[in-house]
Structure formats: C-alpha cells, structure tokens
Amino acid sequence: MDLKLKGQSVIVAASSKGLGKAIALKFAEEGAHVLISSRREEELKLTAAEIRKKTGNENVRYKTCDITDESQIKKLVGTAIEWNGKVDVLINNAGGPPAGTFDKFSDSDWQAAFELNLLSFIRLTREVLPSMRESGAGRIVNIASSSIKQTLDNLILSNTFRAGIVGLSKSLSQELAGDNILVNTIGPGRIATDRVQELDEIRADHKEISYEQLRNEVERSIPIGRYGEPEEFANMVVFLASGANSYVTGQSLVVDGGLVKAL
C-alpha cells in the first residue's frame with residue numbers, strides 16, 4: 001500500500017523517545033520530511049541522528065519546544081513551514097500527567113495538566129490550520145490513552161483531559177471536513193514504553209507486589225497475551241495520518257491488544 005507520505009511535511013510533538021519517537025521513525029521510513037520536538041535538545045539531537053541512520057532518510061530535523069509555551073509552539077510550526085513551505089501532518093502528543101486520585105491534586109496541578117495535555121493540542125492545531133487550509137488537505141492525529149474508552153484507576157488527571165481531546169477531535173473533524181482535513185484520536189493500551197513501566201511500578205507499589213508480578217497479571221488480562229510494541233502503535237498512527245486514509249475522521253480508536261472491553 002502506498003501511504004502517499006513521501007515528501008510530506010510532518011510535525012511529531014514529544015518525539016525524542018517513547019511513542020513519539022516510534023511514530024517519527026515510521027514517518028521517516030515512508031519518506032516524509034519529519035520535524036521532531038521535545039524540551040531536551042540533546043535527546044532530540046541523538047534521536048534525529050538515530051532515525052536518519054536507521055531509515056536512510058536525511059530529511060529528519062529537530063526543534064526544541066516546550067508545548068506548554070505558546071510562543072515556542074509558534075516557532076515550532078514556523079520552523080516546519082520555513083523548511084517545507086507547509087505542514088501536511090500534525091501528530092499531537094504529550095507526556096502523561098502525574099498519577100493520583102482526586103484528593104491528591106491542587107488547582108495548580110489541574111492547570112498544569114490542562115496546559116500539557118489539552119491546551120497544547122489546541123494551540124498546535126490552531127497554528128497548523130492556515131497551512132493545511134491553503135494546501136487543501138491535512139491530517140491531524142491526537143495521541144491520547146486507552147482511557148478514552150475506559151477510565152484508568154489512579155489517573156484522574158489523564159482520564160479528564162484525554163476525554164477532552166476526544167471532544168475536541170470530534171468537533172474539529174466536523175468543522176474541518178470541508179477543507180479535507182481529517183482529525184482522529186488514538187489511544188495506546190499497554191505499550192512497552194518507559195511511561196507504562198513507570199505507571200506499572202507505581203501500581204505494583206500500591207498493591208505491595210513486585211513489578212514482574214504486576215506485569216504478569218496485566219499480560220494475562222490482555223487477550224493477545226502481551227504488551228504491544230511502540231512500532232505496532234506507530235503503524236496505526238501513520239496510516240491515519242497518511243494519504244491512504246481518505247475517509248476515516250472523527251474516530252477514537254485504541255491499540256490495546258483487545259484489553260479494553262467497553263464498546
């Protein structure tokens with residue numbers, strides 16, 4: 001299948017490691033011009049070099065960006081447009097907020113989670129829309145969590161703002177369909193990343209069992225019987241963001257090996 005990504009201008013937020021990195025790598029394999037970003041320049045530099053080496057695609061660049069800072073978001077999008085003249089694809093992504101229950105968090109905690117996990121998506125989308133509208137097409141994929149289908153224990157901040165992403169995506173998909181801009185949300189289940197390991201270690205501590213015991217329990221609850229790999233998640237993201245996807249918009253999907261049982 002031709003994903004029609006060669007030469008396409010792609011921004012992947014929060015992509016120096018984890019799922020963002022896996023997504024950027026997959027775009028590079030398809031010949032896209034990929035701009036990766038995160039707050040840490042040294043990590044970005046190493047990641048960009050690694051992706052170029054693995055894929056042979058020299059059109060991989062990086063730009064530092066704290067996505068809670070509107071001015072830095074403007075500079076990130078401006079860099080992509082200066083480089084390629086346009087933005088064809090935006091992958092909205094951000095690190096997860098702290099784990100915890102309702103009584104643990106203050107107003108400042110809620111505000112920080114809002115700015116990181118919802119407002120950043122709003123701002124990045126706002127910045128790329130003029131370019132996409134001028135081009136007459138665009139793809140936006142919002143990375144969320146499996147909590148978009150079924151809430152997760154001890155993650156009230158994530159549960160709240162991931163739901164907001166779904167509402168944003170659905171509304172935008174309807175508003176932007178006439179501009180041939182497709183917007184979808186995709187949530188990872190138990191994908192083998194540092195973030196998931198961190199959350200598993202917290203859960204194991206709460207249950208007073210080892211990390212290995214907890215992971216075995218979780219794997220038994222997944223119909224496929226294992227954690228997913230980052231590249232398996234990236235495959236779905238890249239399809240939704242590609243020219244091969246011409247009719248899927250406004251959808252909220254999970255890549256979870258069948259873990260979530262909610263309809």
# chains A, B, ... in the order shown; residues from 1 in each chain; ligands from 1
>>> residues_around(residues="Leu76 in chain A", least_positions_apart="4", cutoff="7 Å", atoms="only C-alpha atoms", output="JSON, numbers by chain")
{"A": [63, 65, 72, 80]}
>>> closest_residue(among="A:Glu58, A:Val183, A:Leu119, A:Ser106", to="Leu90 in chain A", atoms="only C-alpha atoms")
A:Val183
>>> closest_residue(among="A:Leu240, A:Ile140, A:Leu5, A:Ile51", to="Val89 in chain A", atoms="only C-alpha atoms")
A:Ile140
>>> closest_atom_pairs(of="range 53-165 of chain A", to="range 196-213 of chain A", cutoff="10 Å", atoms="only C-alpha atoms", output="Markdown table")
| residue | atom | partner | partner_atom | distance |
| --- | --- | --- | --- | --- |
| A:Gly96 | CA | A:Val196 | CA | 9.9 |
| A:Pro98 | CA | A:Leu199 | CA | 9.3 |
| A:Ala99 | CA | A:Leu199 | CA | 7.5 |
| A:Gly100 | CA | A:Ile202 | CA | 9.8 |
| A:Asp153 | CA | A:Arg203 | CA | 9.3 |
| A:Asn154 | CA | A:Arg203 | CA | 8.6 |
| A:Leu155 | CA | A:Leu199 | CA | 9.5 |
>>> closest_residue(among="A:Ile91, A:Val260, A:Ile165, A:Ile143", to="Arg190 in chain A", atoms="only C-alpha atoms")
A:Val260
>>> residues_around(residues="range 37-50 of chain A", least_positions_apart="3", cutoff="7 Å", atoms="only C-alpha atoms", output="number ranges by chain")
A: 12-16, 53-54, 60-66
>>> closest_residue(among="A:Val87, A:Ile186, A:Leu152, A:Leu259", to="Leu19 in chain A", atoms="only C-alpha atoms")
A:Ile186
>>> select_by_dssp(residues="range 11-190 of chain A", states="strand (DSSP E or B)", output="number ranges by chain")
A: 11-12, 33-38, 60-64, 89-92, 100, 138-143, 155, 181-188
>>> write_last_selection(atoms="N, CA and C atoms", output="tab-separated table (two decimals), in the first residue's frame")
chain	number	residue	atom	x	y	z
A	11	ILE	N	4.97	17.14	11.51
A	11	ILE	CA	5.42	17.52	12.85
A	11	ILE	C	4.97	16.45	13.83
A	12	VAL	N	5.91	15.94	14.62
A	12	VAL	CA	5.57	14.99	15.68
A	12	VAL	C	6.00	15.60	17.00
A	33	HIS	N	9.18	14.24	5.35
A	33	HIS	CA	10.08	15.22	5.96
A	33	HIS	C	9.58	15.41	7.40
A	34	VAL	N	10.35	14.95	8.36
A	34	VAL	CA	9.86	14.83	9.73
A	34	VAL	C	10.57	15.81	10.64
A	35	LEU	N	9.77	16.63	11.33
A	35	LEU	CA	10.30	17.55	12.35
A	35	LEU	C	9.90	17.01	13.71
A	36	ILE	N	10.90	16.61	14.50
A	36	ILE	CA	10.63	16.09	15.83
A	36	ILE	C	10.86	17.19	16.86
A	37	SER	N	10.26	17.03	18.04
A	37	SER	CA	10.39	18.08	19.05
A	37	SER	C	10.26	17.50	20.44
A	38	SER	N	10.87	18.17	21.37
A	38	SER	CA	10.69	17.94	22.81
A	38	SER	C	11.42	19.08	23.50
A	60	VAL	N	15.15	14.54	8.29
A	60	VAL	CA	14.68	14.46	9.66
A	60	VAL	C	15.39	15.56	10.45
A	61	ARG	N	14.63	16.47	10.99
A	61	ARG	CA	15.20	17.59	11.74
A	61	ARG	C	14.53	17.69	13.10
A	62	TYR	N	15.11	18.51	13.95
A	62	TYR	CA	14.53	18.67	15.29
A	62	TYR	C	14.45	20.14	15.67
A	63	LYS	N	13.53	20.42	16.58
A	63	LYS	CA	13.36	21.77	17.13
A	63	LYS	C	12.90	21.62	18.57
A	64	THR	N	13.62	22.23	19.49
A	64	THR	CA	13.19	22.17	20.89
A	64	THR	C	11.88	22.93	21.05
A	89	VAL	N	0.94	17.19	8.03
A	89	VAL	CA	0.54	16.26	9.09
A	89	VAL	C	0.98	16.80	10.44
A	90	LEU	N	0.08	16.77	11.39
A	90	LEU	CA	0.41	17.10	12.78
A	90	LEU	C	0.07	15.92	13.66
A	91	ILE	N	1.05	15.48	14.43
A	91	ILE	CA	0.81	14.47	15.46
A	91	ILE	C	0.90	15.17	16.81
A	92	ASN	N	-0.24	15.37	17.43
A	92	ASN	CA	-0.29	15.97	18.76
A	92	ASN	C	0.03	14.89	19.79
A	100	GLY	N	-2.45	9.66	40.35
A	100	GLY	CA	-3.02	10.01	41.65
A	100	GLY	C	-4.53	10.10	41.59
A	138	GLY	N	-5.07	17.98	4.93
A	138	GLY	CA	-4.25	17.84	6.13
A	138	GLY	C	-4.73	16.65	6.94
A	139	ARG	N	-3.84	16.20	7.79
A	139	ARG	CA	-4.16	15.10	8.70
A	139	ARG	C	-3.68	15.47	10.10
A	140	ILE	N	-4.55	15.34	11.07
A	140	ILE	CA	-4.20	15.58	12.47
A	140	ILE	C	-4.57	14.33	13.26
A	141	VAL	N	-3.59	13.80	13.98
A	141	VAL	CA	-3.84	12.65	14.85
A	141	VAL	C	-3.46	13.05	16.27
A	142	ASN	N	-4.40	12.88	17.17
A	142	ASN	CA	-4.20	13.23	18.57
A	142	ASN	C	-3.93	11.96	19.38
A	143	ILE	N	-2.77	11.92	20.03
A	143	ILE	CA	-2.41	10.76	20.83
A	143	ILE	C	-2.97	10.95	22.23
A	155	LEU	N	-5.58	7.61	37.81
A	155	LEU	CA	-5.12	8.51	36.75
A	155	LEU	C	-6.20	9.54	36.43
A	181	ILE	N	-9.43	18.11	5.81
A	181	ILE	CA	-8.54	17.92	6.95
A	181	ILE	C	-9.20	16.88	7.86
A	182	LEU	N	-8.56	15.75	8.00
A	182	LEU	CA	-9.12	14.64	8.77
A	182	LEU	C	-8.47	14.63	10.16
A	183	VAL	N	-9.30	14.43	11.17
A	183	VAL	CA	-8.85	14.51	12.57
A	183	VAL	C	-9.31	13.26	13.31
A	184	ASN	N	-8.37	12.56	13.91
A	184	ASN	CA	-8.69	11.36	14.67
A	184	ASN	C	-7.92	11.31	15.98
A	185	THR	N	-8.44	10.53	16.91
A	185	THR	CA	-7.78	10.31	18.20
A	185	THR	C	-7.43	8.84	18.31
A	186	ILE	N	-6.25	8.56	18.83
A	186	ILE	CA	-5.84	7.18	19.01
A	186	ILE	C	-5.19	7.02	20.37
A	187	GLY	N	-5.60	5.99	21.09
A	187	GLY	CA	-5.10	5.77	22.44
A	187	GLY	C	-4.32	4.48	22.56
A	188	PRO	N	-3.15	4.52	23.15
A	188	PRO	CA	-2.39	3.29	23.39
A	188	PRO	C	-2.91	2.57	24.62
>>> select_by_dssp(residues="range 2-247 of chain A", states="alpha helix (DSSP H)", output="NGL selection string")
:A and (18-29 or 41-55 or 70-84 or 107-114 or 120-135 or 156-176 or 194-207 or 211-221 or 230-240)
>>> decode(residues="range 97-244 of chain A", atoms="C-alpha atoms", output="mmCIF file, in the first residue's frame")
data_model
loop_
_atom_site.group_PDB
_atom_site.id
_atom_site.type_symbol
_atom_site.label_atom_id
_atom_site.label_comp_id
_atom_site.auth_asym_id
_atom_site.auth_seq_id
_atom_site.Cartn_x
_atom_site.Cartn_y
_atom_site.Cartn_z
ATOM 1 C CA PRO A 97 0.344 13.928 33.838
ATOM 2 C CA PRO A 98 1.140 12.592 37.321
ATOM 3 C CA ALA A 99 -0.704 9.572 38.658
ATOM 4 C CA GLY A 100 -3.018 10.015 41.646
ATOM 5 C CA THR A 101 -6.582 10.278 42.894
ATOM 6 C CA PHE A 102 -8.806 13.370 43.159
ATOM 7 C CA ASP A 103 -7.825 14.409 46.698
ATOM 8 C CA LYS A 104 -4.136 14.484 45.826
ATOM 9 C CA PHE A 105 -4.238 17.388 43.376
ATOM 10 C CA SER A 106 -4.400 21.161 43.820
ATOM 11 C CA ASP A 107 -5.627 23.792 41.369
ATOM 12 C CA SER A 108 -2.072 24.232 40.107
ATOM 13 C CA ASP A 109 -1.852 20.504 39.353
ATOM 14 C CA TRP A 110 -5.070 20.639 37.361
ATOM 15 C CA GLN A 111 -3.924 23.751 35.495
ATOM 16 C CA ALA A 112 -0.569 22.175 34.611
ATOM 17 C CA ALA A 113 -2.254 19.015 33.320
ATOM 18 C CA PHE A 114 -4.699 21.091 31.269
ATOM 19 C CA GLU A 115 -1.898 23.085 29.664
ATOM 20 C CA LEU A 116 0.177 19.981 28.900
ATOM 21 C CA ASN A 117 -2.474 17.514 27.820
ATOM 22 C CA LEU A 118 -5.219 19.579 26.201
ATOM 23 C CA LEU A 119 -4.303 23.223 25.637
ATOM 24 C CA SER A 120 -1.076 22.219 23.860
ATOM 25 C CA PHE A 121 -3.128 20.201 21.359
ATOM 26 C CA ILE A 122 -5.440 23.166 20.816
ATOM 27 C CA ARG A 123 -2.547 25.559 20.241
ATOM 28 C CA LEU A 124 -0.625 23.275 17.885
ATOM 29 C CA THR A 125 -3.758 22.613 15.856
ATOM 30 C CA ARG A 126 -4.530 26.325 15.643
ATOM 31 C CA GLU A 127 -1.046 27.031 14.293
ATOM 32 C CA VAL A 128 -1.069 24.422 11.527
ATOM 33 C CA LEU A 129 -4.580 25.023 10.224
ATOM 34 C CA PRO A 130 -3.783 28.003 7.970
ATOM 35 C CA SER A 131 -1.147 25.951 6.130
ATOM 36 C CA MET A 132 -3.407 22.922 5.797
ATOM 37 C CA ARG A 133 -6.296 25.016 4.560
ATOM 38 C CA GLU A 134 -4.073 26.697 1.987
ATOM 39 C CA SER A 135 -2.890 23.279 0.771
ATOM 40 C CA GLY A 136 -6.434 21.946 0.639
ATOM 41 C CA ALA A 137 -5.674 18.922 2.799
ATOM 42 C CA GLY A 138 -4.254 17.837 6.127
ATOM 43 C CA ARG A 139 -4.162 15.096 8.698
ATOM 44 C CA ILE A 140 -4.202 15.579 12.475
ATOM 45 C CA VAL A 141 -3.841 12.651 14.847
ATOM 46 C CA ASN A 142 -4.200 13.228 18.570
ATOM 47 C CA ILE A 143 -2.408 10.760 20.827
ATOM 48 C CA ALA A 144 -4.404 10.095 23.975
ATOM 49 C CA SER A 145 -4.812 6.952 26.104
ATOM 50 C CA SER A 146 -6.979 3.865 26.323
ATOM 51 C CA SER A 147 -8.875 5.884 28.953
ATOM 52 C CA ILE A 148 -10.799 7.440 26.053
ATOM 53 C CA LYS A 149 -12.776 4.181 26.124
ATOM 54 C CA GLN A 150 -12.439 3.047 29.731
ATOM 55 C CA THR A 151 -11.098 5.130 32.620
ATOM 56 C CA LEU A 152 -7.945 4.008 34.393
ATOM 57 C CA ASP A 153 -7.552 3.764 38.159
ATOM 58 C CA ASN A 154 -5.341 6.357 39.885
ATOM 59 C CA LEU A 155 -5.119 8.515 36.750
ATOM 60 C CA ILE A 156 -7.826 11.128 37.229
ATOM 61 C CA LEU A 157 -5.879 13.923 35.525
ATOM 62 C CA SER A 158 -5.256 11.811 32.452
ATOM 63 C CA ASN A 159 -8.827 10.472 32.380
ATOM 64 C CA THR A 160 -10.214 14.014 32.452
ATOM 65 C CA PHE A 161 -8.105 15.657 29.779
ATOM 66 C CA ARG A 162 -7.927 12.675 27.438
ATOM 67 C CA ALA A 163 -11.728 12.843 27.327
ATOM 68 C CA GLY A 164 -11.377 16.498 26.386
ATOM 69 C CA ILE A 165 -9.169 15.501 23.463
ATOM 70 C CA VAL A 166 -11.931 13.252 22.160
ATOM 71 C CA GLY A 167 -14.452 16.092 22.260
ATOM 72 C CA LEU A 168 -12.003 18.423 20.551
ATOM 73 C CA SER A 169 -11.202 15.890 17.832
ATOM 74 C CA LYS A 170 -14.807 15.042 17.096
ATOM 75 C CA SER A 171 -15.820 18.681 16.831
ATOM 76 C CA LEU A 172 -12.833 19.555 14.643
ATOM 77 C CA SER A 173 -13.466 16.603 12.354
ATOM 78 C CA GLN A 174 -16.886 18.038 11.566
ATOM 79 C CA GLU A 175 -15.704 21.623 11.232
ATOM 80 C CA LEU A 176 -12.710 20.780 9.028
ATOM 81 C CA ALA A 177 -14.076 18.009 6.794
ATOM 82 C CA GLY A 178 -14.921 20.512 4.088
ATOM 83 C CA ASP A 179 -11.238 21.500 3.969
ATOM 84 C CA ASN A 180 -10.207 17.848 3.525
ATOM 85 C CA ILE A 181 -8.538 17.916 6.951
ATOM 86 C CA LEU A 182 -9.116 14.644 8.774
ATOM 87 C CA VAL A 183 -8.850 14.506 12.565
ATOM 88 C CA ASN A 184 -8.691 11.358 14.667
ATOM 89 C CA THR A 185 -7.780 10.310 18.196
ATOM 90 C CA ILE A 186 -5.837 7.179 19.007
ATOM 91 C CA GLY A 187 -5.099 5.774 22.443
ATOM 92 C CA PRO A 188 -2.393 3.290 23.386
ATOM 93 C CA GLY A 189 -3.153 0.441 25.727
ATOM 94 C CA ARG A 190 -0.310 -1.413 27.425
ATOM 95 C CA ILE A 191 2.507 -0.466 25.068
ATOM 96 C CA ALA A 192 6.043 -1.225 26.259
ATOM 97 C CA THR A 193 7.359 2.277 26.957
ATOM 98 C CA ASP A 194 9.140 3.914 29.873
ATOM 99 C CA ARG A 195 5.905 5.729 30.801
ATOM 100 C CA VAL A 196 3.955 2.482 31.066
ATOM 101 C CA GLN A 197 6.707 0.887 33.113
ATOM 102 C CA GLU A 198 6.655 3.881 35.478
ATOM 103 C CA LEU A 199 2.893 3.546 35.961
ATOM 104 C CA ASP A 200 3.182 -0.201 36.444
ATOM 105 C CA GLU A 201 5.824 0.317 39.127
ATOM 106 C CA ILE A 202 3.500 2.742 40.944
ATOM 107 C CA ARG A 203 0.639 0.238 40.776
ATOM 108 C CA ALA A 204 2.900 -2.563 41.977
ATOM 109 C CA ASP A 205 3.921 -0.469 44.996
ATOM 110 C CA HIS A 206 0.270 0.210 45.837
ATOM 111 C CA LYS A 207 -0.531 -3.488 45.630
ATOM 112 C CA GLU A 208 2.650 -4.411 47.513
ATOM 113 C CA ILE A 209 3.792 -6.834 44.845
ATOM 114 C CA SER A 210 6.802 -6.843 42.532
ATOM 115 C CA TYR A 211 6.814 -5.133 39.150
ATOM 116 C CA GLU A 212 7.269 -8.546 37.499
ATOM 117 C CA GLN A 213 4.196 -9.930 39.285
ATOM 118 C CA LEU A 214 2.106 -6.960 38.209
ATOM 119 C CA ARG A 215 3.237 -7.181 34.601
ATOM 120 C CA ASN A 216 2.383 -10.885 34.510
ATOM 121 C CA GLU A 217 -1.084 -10.080 35.856
ATOM 122 C CA VAL A 218 -1.643 -7.409 33.215
ATOM 123 C CA GLU A 219 -0.406 -9.617 30.388
ATOM 124 C CA ARG A 220 -2.878 -12.317 31.427
ATOM 125 C CA SER A 221 -5.679 -9.722 31.140
ATOM 126 C CA ILE A 222 -4.751 -8.827 27.554
ATOM 127 C CA PRO A 223 -6.409 -11.157 25.031
ATOM 128 C CA ILE A 224 -3.322 -11.128 22.790
ATOM 129 C CA GLY A 225 -1.302 -12.041 25.870
ATOM 130 C CA ARG A 226 1.469 -9.450 25.778
ATOM 131 C CA TYR A 227 2.267 -5.748 25.835
ATOM 132 C CA GLY A 228 2.313 -4.032 22.482
ATOM 133 C CA GLU A 229 5.461 -2.691 20.870
ATOM 134 C CA PRO A 230 5.805 1.032 20.068
ATOM 135 C CA GLU A 231 6.118 0.315 16.353
ATOM 136 C CA GLU A 232 2.786 -1.529 16.387
ATOM 137 C CA PHE A 233 1.118 1.585 17.739
ATOM 138 C CA ALA A 234 3.022 3.774 15.273
ATOM 139 C CA ASN A 235 1.728 1.745 12.327
ATOM 140 C CA MET A 236 -1.862 2.728 13.100
ATOM 141 C CA VAL A 237 -0.997 6.375 13.732
ATOM 142 C CA VAL A 238 0.878 6.695 10.463
ATOM 143 C CA PHE A 239 -1.940 5.118 8.470
ATOM 144 C CA LEU A 240 -4.491 7.534 9.933
ATOM 145 C CA ALA A 241 -2.147 10.429 9.124
ATOM 146 C CA SER A 242 -1.439 9.289 5.583
ATOM 147 C CA GLY A 243 -2.931 9.954 2.188
ATOM 148 C CA ALA A 244 -4.058 6.322 2.132
#
